[in-house]
file entry.txt (compact mmCIF, C-alpha atoms)
# COMPACT_ATOMS: atom_id res chain seq x y z
CA MET A 1 -26.92 10.18 -30.15
CA THR A 2 -28.83 13.33 -31.07
CA GLU A 3 -26.09 15.86 -30.36
CA PRO A 4 -22.47 15.89 -29.19
CA GLN A 5 -21.79 15.69 -25.48
CA THR A 6 -18.87 17.16 -23.59
CA PHE A 7 -16.63 14.60 -21.87
CA PHE A 8 -14.28 15.61 -19.06
CA ILE A 9 -11.71 12.83 -18.60
CA THR A 10 -8.86 12.64 -16.10
CA GLY A 11 -5.62 10.76 -16.63
CA THR A 12 -5.58 10.90 -20.44
CA SER A 13 -1.85 11.14 -21.11
CA ARG A 14 -1.54 7.35 -21.32
CA GLY A 15 -3.29 4.02 -20.98
CA MET A 16 -7.02 3.66 -20.57
CA GLY A 17 -7.65 7.40 -20.39
CA THR A 18 -6.17 7.87 -23.86
CA ASP A 19 -8.49 5.19 -25.25
CA PHE A 20 -11.50 6.79 -23.56
CA ALA A 21 -10.68 10.18 -25.07
CA ARG A 22 -10.13 8.79 -28.56
CA ALA A 23 -13.36 6.80 -28.48
CA ALA A 24 -15.39 9.86 -27.47
CA LEU A 25 -13.79 11.99 -30.20
CA ASP A 26 -14.37 9.28 -32.81
CA ALA A 27 -18.04 9.22 -31.79
CA GLY A 28 -18.35 12.95 -32.47
CA HIS A 29 -18.20 14.26 -28.93
CA HIS A 30 -16.28 17.16 -27.41
CA VAL A 31 -13.48 16.06 -25.08
CA VAL A 32 -11.67 17.86 -22.29
CA ALA A 33 -8.64 15.61 -21.82
CA THR A 34 -6.67 16.33 -18.68
CA GLY A 35 -3.29 15.39 -17.25
CA ARG A 36 -0.41 16.98 -15.40
CA ASP A 37 1.26 17.85 -18.73
CA PRO A 38 -1.11 18.96 -21.53
CA GLU A 39 1.61 18.41 -24.13
CA ARG A 40 1.81 14.74 -23.17
CA VAL A 41 -1.97 14.54 -23.42
CA LEU A 42 -1.89 15.94 -26.97
CA ALA A 43 0.91 13.59 -27.94
CA ALA A 44 -1.04 10.61 -26.63
CA VAL A 45 -4.53 11.45 -27.87
CA GLY A 46 -3.60 13.33 -31.04
CA GLN A 47 -4.70 16.70 -32.36
CA HIS A 48 -8.43 17.15 -32.89
CA GLU A 49 -10.61 20.22 -33.35
CA GLU A 50 -13.01 19.03 -30.64
CA LEU A 51 -10.24 18.29 -28.13
CA LEU A 52 -9.20 20.59 -25.30
CA ALA A 53 -6.08 19.42 -23.46
CA VAL A 54 -5.84 20.98 -20.00
CA ALA A 55 -3.37 20.73 -17.12
CA LEU A 56 -4.88 19.02 -14.09
CA ASP A 57 -3.40 17.32 -11.05
CA VAL A 58 -6.25 15.56 -9.25
CA THR A 59 -4.54 16.16 -5.89
CA ASP A 60 -4.37 19.93 -6.50
CA GLU A 61 -7.79 21.58 -6.10
CA ARG A 62 -6.56 24.78 -7.74
CA THR A 63 -5.72 23.04 -11.02
CA VAL A 64 -8.98 21.10 -10.83
CA ARG A 65 -10.99 24.31 -10.60
CA SER A 66 -9.01 25.91 -13.44
CA ALA A 67 -9.56 22.88 -15.68
CA VAL A 68 -13.31 22.89 -15.07
CA ASP A 69 -13.46 26.62 -15.79
CA ALA A 70 -11.55 26.08 -19.05
CA ALA A 71 -13.99 23.35 -20.05
CA ILE A 72 -16.99 25.60 -19.48
CA GLU A 73 -15.36 28.49 -21.32
CA ARG A 74 -14.66 26.31 -24.37
CA PHE A 75 -17.75 24.06 -24.55
CA GLY A 76 -20.30 25.66 -22.21
CA ARG A 77 -21.17 22.48 -20.31
CA ILE A 78 -19.92 19.13 -19.00
CA ASP A 79 -22.11 16.13 -19.72
CA VAL A 80 -19.88 13.21 -18.78
CA LEU A 81 -17.17 13.09 -16.14
CA VAL A 82 -14.82 10.11 -16.27
CA ASN A 83 -12.71 9.79 -13.13
CA ASN A 84 -9.90 7.70 -14.57
CA ALA A 85 -6.64 9.01 -13.08
CA GLY A 86 -4.99 6.60 -10.68
CA SER A 87 -1.92 4.63 -9.68
CA PHE A 88 -1.06 1.29 -8.11
CA GLN A 89 0.75 1.23 -4.78
CA GLY A 90 1.89 -2.34 -4.37
CA GLY A 91 3.32 -4.00 -1.31
CA PHE A 92 2.22 -5.73 1.85
CA PHE A 93 0.72 -3.37 4.43
CA GLU A 94 3.79 -3.23 6.69
CA GLU A 95 6.00 -2.64 3.66
CA VAL A 96 4.07 0.47 2.63
CA SER A 97 5.10 3.58 4.54
CA PRO A 98 2.39 5.85 5.99
CA GLU A 99 3.39 8.50 3.45
CA GLN A 100 2.95 6.07 0.56
CA PHE A 101 -0.40 4.85 1.85
CA ARG A 102 -1.69 8.41 2.16
CA ALA A 103 -0.40 9.26 -1.31
CA GLN A 104 -2.36 6.31 -2.72
CA MET A 105 -5.55 7.53 -1.07
CA GLU A 106 -4.91 11.11 -2.22
CA THR A 107 -4.60 10.06 -5.86
CA ASN A 108 -7.11 7.25 -6.24
CA PHE A 109 -9.77 8.38 -3.77
CA PHE A 110 -9.53 12.05 -2.84
CA GLY A 111 -8.45 12.91 -6.40
CA ALA A 112 -11.76 11.61 -7.76
CA LEU A 113 -13.60 13.49 -5.00
CA ASN A 114 -11.80 16.74 -5.86
CA VAL A 115 -12.75 16.56 -9.53
CA THR A 116 -16.32 15.45 -8.91
CA ARG A 117 -16.86 18.19 -6.33
CA ALA A 118 -15.84 20.77 -8.94
CA VAL A 119 -18.01 19.29 -11.72
CA LEU A 120 -21.24 18.54 -9.85
CA PRO A 121 -22.39 22.19 -9.56
CA VAL A 122 -22.21 22.40 -13.36
CA MET A 123 -24.27 19.24 -13.76
CA ARG A 124 -26.80 20.28 -11.12
CA ALA A 125 -27.34 23.57 -12.95
CA GLN A 126 -27.89 21.60 -16.17
CA ARG A 127 -30.12 19.10 -14.33
CA SER A 128 -28.28 16.38 -16.21
CA GLY A 129 -24.95 14.58 -16.29
CA ARG A 130 -23.06 11.32 -15.92
CA VAL A 131 -20.31 10.56 -13.43
CA ILE A 132 -18.30 7.45 -14.33
CA THR A 133 -15.57 6.45 -11.90
CA ILE A 134 -13.02 3.79 -12.75
CA SER A 135 -12.54 1.49 -9.80
CA SER A 136 -11.17 -2.05 -10.05
CA THR A 137 -11.94 -5.64 -9.19
CA ALA A 138 -9.79 -4.72 -6.18
CA GLY A 139 -12.64 -2.47 -5.09
CA ILE A 140 -14.64 -5.62 -4.38
CA VAL A 141 -11.99 -8.30 -3.85
CA ALA A 142 -8.78 -7.46 -1.97
CA GLY A 143 -5.65 -9.56 -1.96
CA ALA A 144 -2.26 -9.74 -0.30
CA GLY A 145 0.25 -7.29 -1.69
CA GLY A 146 -2.33 -4.70 -2.65
CA SER A 147 -3.76 -3.41 0.62
CA ALA A 148 -3.24 0.30 -0.11
CA TYR A 149 -4.65 0.03 -3.62
CA ALA A 150 -7.64 -2.01 -2.46
CA ALA A 151 -8.33 0.46 0.36
CA SER A 152 -8.47 3.34 -2.12
CA LYS A 153 -10.81 1.43 -4.44
CA PHE A 154 -13.06 0.14 -1.62
CA ALA A 155 -13.44 3.80 -0.58
CA LEU A 156 -14.43 4.74 -4.13
CA GLU A 157 -17.07 2.04 -4.17
CA GLY A 158 -18.79 3.23 -1.00
CA TRP A 159 -18.64 6.88 -1.99
CA MET A 160 -20.05 6.25 -5.46
CA GLU A 161 -22.86 4.04 -4.16
CA ALA A 162 -24.03 6.77 -1.80
CA LEU A 163 -23.47 9.52 -4.38
CA HIS A 164 -25.81 7.76 -6.79
CA ASP A 165 -28.82 8.34 -4.55
CA GLU A 166 -27.75 11.87 -3.64
CA VAL A 167 -27.52 13.27 -7.17
CA LEU A 168 -30.13 11.22 -9.04
CA PRO A 169 -32.90 13.75 -8.17
CA PHE A 170 -30.97 16.30 -10.25
CA GLY A 171 -30.89 14.12 -13.34
CA ILE A 172 -27.31 12.99 -12.70
CA HIS A 173 -26.48 9.30 -13.08
CA THR A 174 -23.42 7.62 -11.60
CA THR A 175 -21.68 4.37 -12.48
CA VAL A 176 -18.61 2.82 -10.90
CA VAL A 177 -16.69 0.58 -13.31
CA GLU A 178 -14.76 -2.40 -11.96
CA PRO A 179 -12.28 -3.57 -14.61
CA GLY A 180 -10.22 -6.69 -14.24
CA PHE A 181 -6.79 -6.86 -15.87
CA PHE A 182 -6.71 -4.67 -18.98
CA ARG A 183 -3.74 -3.87 -21.16
CA THR A 184 -2.97 -0.40 -19.82
CA ASP A 185 0.06 1.36 -18.34
CA LEU A 186 -1.09 0.86 -14.75
CA LEU A 187 1.59 -1.77 -14.09
CA ALA A 188 4.45 0.37 -15.46
CA GLU A 189 6.89 0.60 -12.57
CA GLY A 190 8.07 4.05 -11.62
CA SER A 191 5.26 5.87 -13.41
CA SER A 192 2.02 4.13 -12.39
CA THR A 193 3.15 1.28 -10.16
CA PHE A 194 5.14 1.78 -6.97
CA TRP A 195 6.41 -0.66 -4.37
CA GLY A 196 6.66 -0.23 -0.63
CA ASP A 197 9.79 1.46 0.66
CA VAL A 198 9.87 -0.50 3.94
CA HIS A 199 11.76 -3.80 3.69
CA LEU A 200 11.04 -6.58 6.18
CA ASP A 201 12.61 -10.03 6.00
CA ASP A 202 9.39 -11.74 7.12
CA TYR A 203 7.64 -10.60 3.93
CA ARG A 204 10.54 -10.89 1.50
CA SER A 205 9.59 -14.19 -0.13
CA SER A 206 5.89 -13.35 -0.50
CA SER A 207 6.70 -9.83 -1.61
CA ASP A 208 9.09 -11.06 -4.29
CA GLN A 209 6.44 -13.45 -5.60
CA THR A 210 3.87 -10.62 -5.76
CA LYS A 211 6.26 -8.39 -7.70
CA GLU A 212 7.08 -11.24 -10.08
CA PHE A 213 3.37 -11.81 -10.72
CA PHE A 214 2.59 -8.20 -11.58
CA ARG A 215 5.76 -7.75 -13.64
CA GLY A 216 4.86 -10.85 -15.63
CA MET A 217 1.33 -9.53 -16.15
CA GLU A 218 2.35 -6.18 -17.67
CA GLY A 219 1.40 -5.95 -21.33
CA LYS A 220 -0.19 -9.40 -21.29
CA GLN A 221 -3.48 -8.59 -19.58
CA SER A 222 -6.50 -10.21 -21.18
CA GLY A 223 -8.74 -7.12 -21.30
CA ASP A 224 -8.85 -4.84 -24.35
CA PRO A 225 -9.07 -1.17 -23.26
CA VAL A 226 -10.45 -0.12 -26.66
CA LYS A 227 -13.46 -2.38 -26.11
CA LEU A 228 -13.88 -1.00 -22.61
CA ALA A 229 -13.87 2.53 -24.03
CA ARG A 230 -16.71 1.60 -26.38
CA THR A 231 -18.60 0.14 -23.43
CA LEU A 232 -18.26 3.42 -21.55
CA LEU A 233 -19.74 5.25 -24.52
CA ALA A 234 -22.67 2.85 -24.47
CA LEU A 235 -23.16 3.62 -20.76
CA THR A 236 -23.53 7.33 -21.51
CA GLU A 237 -26.34 6.60 -23.96
CA MET A 238 -28.40 4.51 -21.52
CA SER A 239 -31.37 6.19 -19.89
CA GLU A 240 -30.89 4.04 -16.77
CA PRO A 241 -27.22 3.04 -16.56
CA PRO A 242 -26.14 0.48 -13.93
CA VAL A 243 -24.78 1.69 -10.61
CA ARG A 244 -21.93 -0.80 -11.05
CA LEU A 245 -20.37 -2.32 -14.16
CA VAL A 246 -18.17 -5.36 -13.67
CA ALA A 247 -15.84 -5.33 -16.68
CA GLY A 248 -13.99 -8.39 -17.91
CA ALA A 249 -14.38 -12.12 -17.42
CA ASP A 250 -11.75 -12.20 -14.67
CA SER A 251 -13.54 -9.44 -12.79
CA VAL A 252 -16.91 -11.18 -13.12
CA ALA A 253 -15.40 -14.41 -11.79
CA GLY A 254 -13.83 -12.60 -8.84
CA VAL A 255 -17.02 -10.77 -7.89
CA LEU A 256 -19.08 -13.97 -8.10
CA ARG A 257 -16.59 -15.79 -5.87
CA LYS A 258 -16.79 -12.95 -3.36
CA ALA A 259 -20.60 -13.05 -3.39
CA GLN A 260 -20.57 -16.81 -2.82
CA GLN A 261 -18.04 -16.42 0.00
CA LEU A 262 -20.18 -13.80 1.74
CA ASP A 263 -23.28 -15.96 1.39
CA GLU A 264 -21.49 -19.01 2.79
CA GLN A 265 -20.07 -17.08 5.72
CA ALA A 266 -23.45 -15.55 6.54
CA ARG A 267 -25.02 -19.00 6.61
CA ALA A 268 -22.15 -20.69 8.43
CA PHE A 269 -22.64 -18.98 11.79
CA PRO A 270 -26.41 -18.47 12.25
CA GLU A 271 -26.16 -18.83 16.02
CA LEU A 272 -23.87 -15.80 16.12
CA THR A 273 -25.75 -13.53 13.74
CA SER A 274 -29.30 -14.35 14.83
CA SER A 275 -28.49 -13.94 18.53
CA LEU A 276 -27.78 -10.27 17.91
CA ASP A 277 -31.42 -9.49 17.13
CA LEU A 278 -33.81 -8.44 19.88
CA ASP A 279 -36.52 -10.96 20.70
CA ASP A 280 -40.16 -9.91 20.75
CA GLN A 281 -40.22 -9.25 24.51
CA GLN A 282 -37.24 -6.90 24.29
CA ARG A 283 -38.56 -4.79 21.42
call {"tool": "encode", "arguments": {"input": "entry.txt", "output": "structure tokens"}}
result
Amino acid sequence: MTEPQTFFITGTSRGMGTDFARAALDAGHHVVATGRDPERVLAAVGQHEELLAVALDVTDERTVRSAVDAAIERFGRIDVLVNNAGSFQGGFFEEVSPEQFRAQMETNFFGALNVTRAVLPVMRAQRSGRVITISSTAGIVAGAGGSAYAASKFALEGWMEALHDEVLPFGIHTTVVEPGFFRTDLLAEGSSTFWGDVHLDDYRSSSDQTKEFFRGMEGKQSGDPVKLARTLLALTEMSEPPVRLVAGADSVAGVLRKAQQLDEQARAFPELTSSLDLDDQQR
């Protein structure tokens, strides 16, 4: 690293975002750490002369714009955006109310869009920048009991893949990170994890098993968020960072199983897929 960079990180009042902010500060960078309550951000990250804690609600475009303006006023530029803020809406699809499903999309998907839309003009003017968006293994592999969450992460994946090609001509690189289970606060019920508010007897047994699984997982996840934070720093120093980073052995295993499944399904029904192509006389 030749000179400090300015990191703009969302969701830094707890969990993975706190580790990202600390890692960047320890490496000598400037950090704009954001959250709904700046005091909670300071309490989590700790006081530092190169830290600016700013109020930001990713679903509120006004606070997003104000936070970006504050970052530019303090540090003059934004080199790395980390879209980290998010929540987990659990529950089978019919158990999740329309309002809850929309709220999940607003936070996990549209929230990242709001922040990125505000930061990209700064990066385009600089002709440089990095956009790192935290997705999930659930952005590649969906499972029962997490339909709303998976939908929000699948949306992130598609958006980031297209965004990569759109902004690369301006010297802006994008990477979507797909962590497996890491020891963060994501599974903390009532603050980051929420369950469906529609109760149906047909799903009760399966739903109870899903809740038991996630409750048993909290605090015991195999992934170390401090190590992931160091990996993100390494990404920012790469001249050609990957478009996707699958993070964690469990995530790698899930993605490889999905790839194998897609390959097997594509090969299993050749008479269906090949018959859709025009023959030479019809072209």
call {"tool": "closest_residue", "arguments": {"input": "entry.txt", "among": "A:Trp159, A:Phe8, A:Phe194, A:Tyr149", "to": "Phe20 in chain A", "atoms": "all atoms listed in the file"}}
result
A:Phe8
call {"tool": "closest_residue", "arguments": {"input": "entry.txt", "among": "A:Ser87, A:Val45, A:Asp26, A:Val176", "to": "His164 in chain A", "atoms": "only C-alpha atoms"}}
result
A:Val176
call {"tool": "residues_around", "arguments": {"input": "entry.txt", "residues": "Val96 in chain A", "least_positions_apart": "5", "cutoff": "10 Å", "atoms": "all atoms listed in the file", "output": "PyMOL selection string"}}
result
chain A and resi 89-91+101-102+145-148+194-199
call {"tool": "closest_residue", "arguments": {"input": "entry.txt", "among": "A:Glu95, A:Glu212, A:Asp19, A:Glu61", "to": "Ala229 in chain A", "atoms": "all atoms listed in the file"}}
result
A:Asp19
call {"tool": "residues_around", "arguments": {"input": "entry.txt", "residues": "Ala85 in chain A", "least_positions_apart": "6", "cutoff": "9 Å", "atoms": "all atoms listed in the file", "output": "PyMOL selection string"}}
result
chain A and resi 9-12+17+35+58+107-108+111-112+134
call {"tool": "closest_residue", "arguments": {"input": "entry.txt", "among": "A:Phe75, A:Phe93, A:Phe110, A:Phe7", "to": "Ser152 in chain A", "atoms": "only C-alpha atoms"}}
result
A:Phe110
call {"tool": "residues_around", "arguments": {"input": "entry.txt", "residues": "range 122-124 of chain A", "least_positions_apart": "5", "cutoff": "7 Å", "atoms": "all atoms listed in the file", "output": "PyMOL selection string"}}
result
chain A and resi 78+129+170
call {"tool": "atom_distance", "arguments": {"input": "entry.txt", "atom1": "CA of Ala155 in chain A", "atom2": "CA of Ser97 in chain A"}}
result
19.2 Å
call {"tool": "axis_aligned_box", "arguments": {"input": "entry.txt", "around": "range 58-76 of chain A", "padding_each_side": "6 Å", "output": "lines of an AutoDock Vina configuration file"}}
result
center_x = -12.3
center_y = 22.0
center_z = -15.2
size_x = 27.9
size_y = 24.9
size_z = 30.7
call {"tool": "residues_around", "arguments": {"input": "entry.txt", "residues": "range 235-238 of chain A", "least_positions_apart": "5", "cutoff": "10 Å", "atoms": "all atoms listed in the file", "output": "PyMOL selection string"}}
result
chain A and resi 1+5+79-80+129-132+173-175+229-230+245
call {"tool": "write_last_selection", "arguments": {"input": "entry.txt", "atoms": "C-alpha atoms", "output": "PDB file, in the frame of the given file"}}
result
ATOM      1  CA  MET A   1     -26.920  10.180 -30.150  1.00  0.00           C
ATOM      2  CA  GLN A   5     -21.790  15.690 -25.480  1.00  0.00           C
ATOM      3  CA  ASP A  79     -22.110  16.130 -19.720  1.00  0.00           C
ATOM      4  CA  VAL A  80     -19.880  13.210 -18.780  1.00  0.00           C
ATOM      5  CA  GLY A 129     -24.950  14.580 -16.290  1.00  0.00           C
ATOM      6  CA  ARG A 130     -23.060  11.320 -15.920  1.00  0.00           C
ATOM      7  CA  VAL A 131     -20.310  10.560 -13.430  1.00  0.00           C
ATOM      8  CA  ILE A 132     -18.300   7.450 -14.330  1.00  0.00           C
ATOM      9  CA  HIS A 173     -26.480   9.300 -13.080  1.00  0.00           C
ATOM     10  CA  THR A 174     -23.420   7.620 -11.600  1.00  0.00           C
ATOM     11  CA  THR A 175     -21.680   4.370 -12.480  1.00  0.00           C
ATOM     12  CA  ALA A 229     -13.870   2.530 -24.030  1.00  0.00           C
ATOM     13  CA  ARG A 230     -16.710   1.600 -26.380  1.00  0.00           C
ATOM     14  CA  LEU A 245     -20.370  -2.320 -14.160  1.00  0.00           C
TER      15      LEU A 245
END
call {"tool": "closest_residue", "arguments": {"input": "entry.txt", "among": "A:Thr133, A:Ser251, A:Thr116, A:Thr59", "to": "Gly180 in chain A", "atoms": "only C-alpha atoms"}}
result
A:Ser251
call {"tool": "atom_distance", "arguments": {"input": "entry.txt", "atom1": "CA of Leu25 in chain A", "atom2": "CA of Arg77 in chain A"}}
result
16.2 Å
call {"tool": "decode", "arguments": {"input": "entry.txt", "residues": "range 140-161 of chain A", "atoms": "N, CA and C atoms", "output": "PDB file, in the first residue's frame"}}
result
ATOM      1  N   ILE A 140     -26.335 -17.927  -4.019  1.00  0.00           N
ATOM      2  CA  ILE A 140     -26.081 -18.942  -5.044  1.00  0.00           C
ATOM      3  C   ILE A 140     -26.947 -20.177  -4.805  1.00  0.00           C
ATOM      4  N   VAL A 141     -27.084 -20.545  -3.531  1.00  0.00           N
ATOM      5  CA  VAL A 141     -27.798 -21.770  -3.151  1.00  0.00           C
ATOM      6  C   VAL A 141     -28.916 -21.406  -2.181  1.00  0.00           C
ATOM      7  N   ALA A 142     -30.150 -21.568  -2.592  1.00  0.00           N
ATOM      8  CA  ALA A 142     -31.296 -21.262  -1.730  1.00  0.00           C
ATOM      9  C   ALA A 142     -31.804 -22.519  -1.059  1.00  0.00           C
ATOM     10  N   GLY A 143     -32.406 -22.329   0.117  1.00  0.00           N
ATOM     11  CA  GLY A 143     -32.947 -23.472   0.837  1.00  0.00           C
ATOM     12  C   GLY A 143     -34.250 -23.127   1.520  1.00  0.00           C
ATOM     13  N   ALA A 144     -34.992 -24.147   1.896  1.00  0.00           N
ATOM     14  CA  ALA A 144     -36.269 -23.960   2.570  1.00  0.00           C
ATOM     15  C   ALA A 144     -36.084 -23.184   3.870  1.00  0.00           C
ATOM     16  N   GLY A 145     -36.995 -22.277   4.121  1.00  0.00           N
ATOM     17  CA  GLY A 145     -36.935 -21.471   5.327  1.00  0.00           C
ATOM     18  C   GLY A 145     -36.157 -20.181   5.172  1.00  0.00           C
ATOM     19  N   GLY A 146     -35.677 -19.931   3.958  1.00  0.00           N
ATOM     20  CA  GLY A 146     -34.914 -18.699   3.740  1.00  0.00           C
ATOM     21  C   GLY A 146     -35.217 -18.066   2.402  1.00  0.00           C
ATOM     22  N   SER A 147     -36.463 -18.174   1.955  1.00  0.00           N
ATOM     23  CA  SER A 147     -36.801 -17.705   0.606  1.00  0.00           C
ATOM     24  C   SER A 147     -36.642 -16.201   0.449  1.00  0.00           C
ATOM     25  N   ALA A 148     -37.052 -15.422   1.439  1.00  0.00           N
ATOM     26  CA  ALA A 148     -36.937 -13.970   1.329  1.00  0.00           C
ATOM     27  C   ALA A 148     -35.468 -13.543   1.328  1.00  0.00           C
ATOM     28  N   TYR A 149     -34.701 -14.127   2.221  1.00  0.00           N
ATOM     29  CA  TYR A 149     -33.277 -13.803   2.304  1.00  0.00           C
ATOM     30  C   TYR A 149     -32.561 -14.178   1.010  1.00  0.00           C
ATOM     31  N   ALA A 150     -32.824 -15.393   0.522  1.00  0.00           N
ATOM     32  CA  ALA A 150     -32.185 -15.834  -0.716  1.00  0.00           C
ATOM     33  C   ALA A 150     -32.576 -14.939  -1.882  1.00  0.00           C
ATOM     34  N   ALA A 151     -33.844 -14.539  -1.946  1.00  0.00           N
ATOM     35  CA  ALA A 151     -34.279 -13.657  -3.033  1.00  0.00           C
ATOM     36  C   ALA A 151     -33.494 -12.352  -3.025  1.00  0.00           C
ATOM     37  N   SER A 152     -33.277 -11.795  -1.842  1.00  0.00           N
ATOM     38  CA  SER A 152     -32.544 -10.525  -1.759  1.00  0.00           C
ATOM     39  C   SER A 152     -31.090 -10.706  -2.174  1.00  0.00           C
ATOM     40  N   LYS A 153     -30.490 -11.842  -1.848  1.00  0.00           N
ATOM     41  CA  LYS A 153     -29.096 -12.087  -2.184  1.00  0.00           C
ATOM     42  C   LYS A 153     -28.930 -12.497  -3.650  1.00  0.00           C
ATOM     43  N   PHE A 154     -29.881 -13.276  -4.192  1.00  0.00           N
ATOM     44  CA  PHE A 154     -29.844 -13.576  -5.628  1.00  0.00           C
ATOM     45  C   PHE A 154     -29.900 -12.277  -6.423  1.00  0.00           C
ATOM     46  N   ALA A 155     -30.742 -11.337  -5.986  1.00  0.00           N
ATOM     47  CA  ALA A 155     -30.851 -10.047  -6.673  1.00  0.00           C
ATOM     48  C   ALA A 155     -29.523  -9.305  -6.633  1.00  0.00           C
ATOM     49  N   LEU A 156     -28.851  -9.326  -5.484  1.00  0.00           N
ATOM     50  CA  LEU A 156     -27.538  -8.684  -5.374  1.00  0.00           C
ATOM     51  C   LEU A 156     -26.545  -9.273  -6.360  1.00  0.00           C
ATOM     52  N   GLU A 157     -26.572 -10.584  -6.494  1.00  0.00           N
ATOM     53  CA  GLU A 157     -25.636 -11.268  -7.379  1.00  0.00           C
ATOM     54  C   GLU A 157     -25.790 -10.808  -8.827  1.00  0.00           C
ATOM     55  N   GLY A 158     -27.023 -10.775  -9.309  1.00  0.00           N
ATOM     56  CA  GLY A 158     -27.258 -10.359 -10.686  1.00  0.00           C
ATOM     57  C   GLY A 158     -26.888  -8.916 -10.924  1.00  0.00           C
ATOM     58  N   TRP A 159     -27.266  -8.058  -9.979  1.00  0.00           N
ATOM     59  CA  TRP A 159     -26.956  -6.626 -10.103  1.00  0.00           C
ATOM     60  C   TRP A 159     -25.448  -6.398 -10.126  1.00  0.00           C
ATOM     61  N   MET A 160     -24.727  -7.036  -9.209  1.00  0.00           N
ATOM     62  CA  MET A 160     -23.284  -6.829  -9.134  1.00  0.00           C
ATOM     63  C   MET A 160     -22.559  -7.375 -10.365  1.00  0.00           C
ATOM     64  N   GLU A 161     -23.042  -8.488 -10.898  1.00  0.00           N
ATOM     65  CA  GLU A 161     -22.403  -9.055 -12.084  1.00  0.00           C
ATOM     66  C   GLU A 161     -22.520  -8.103 -13.268  1.00  0.00           C
TER      67      GLU A 161
END
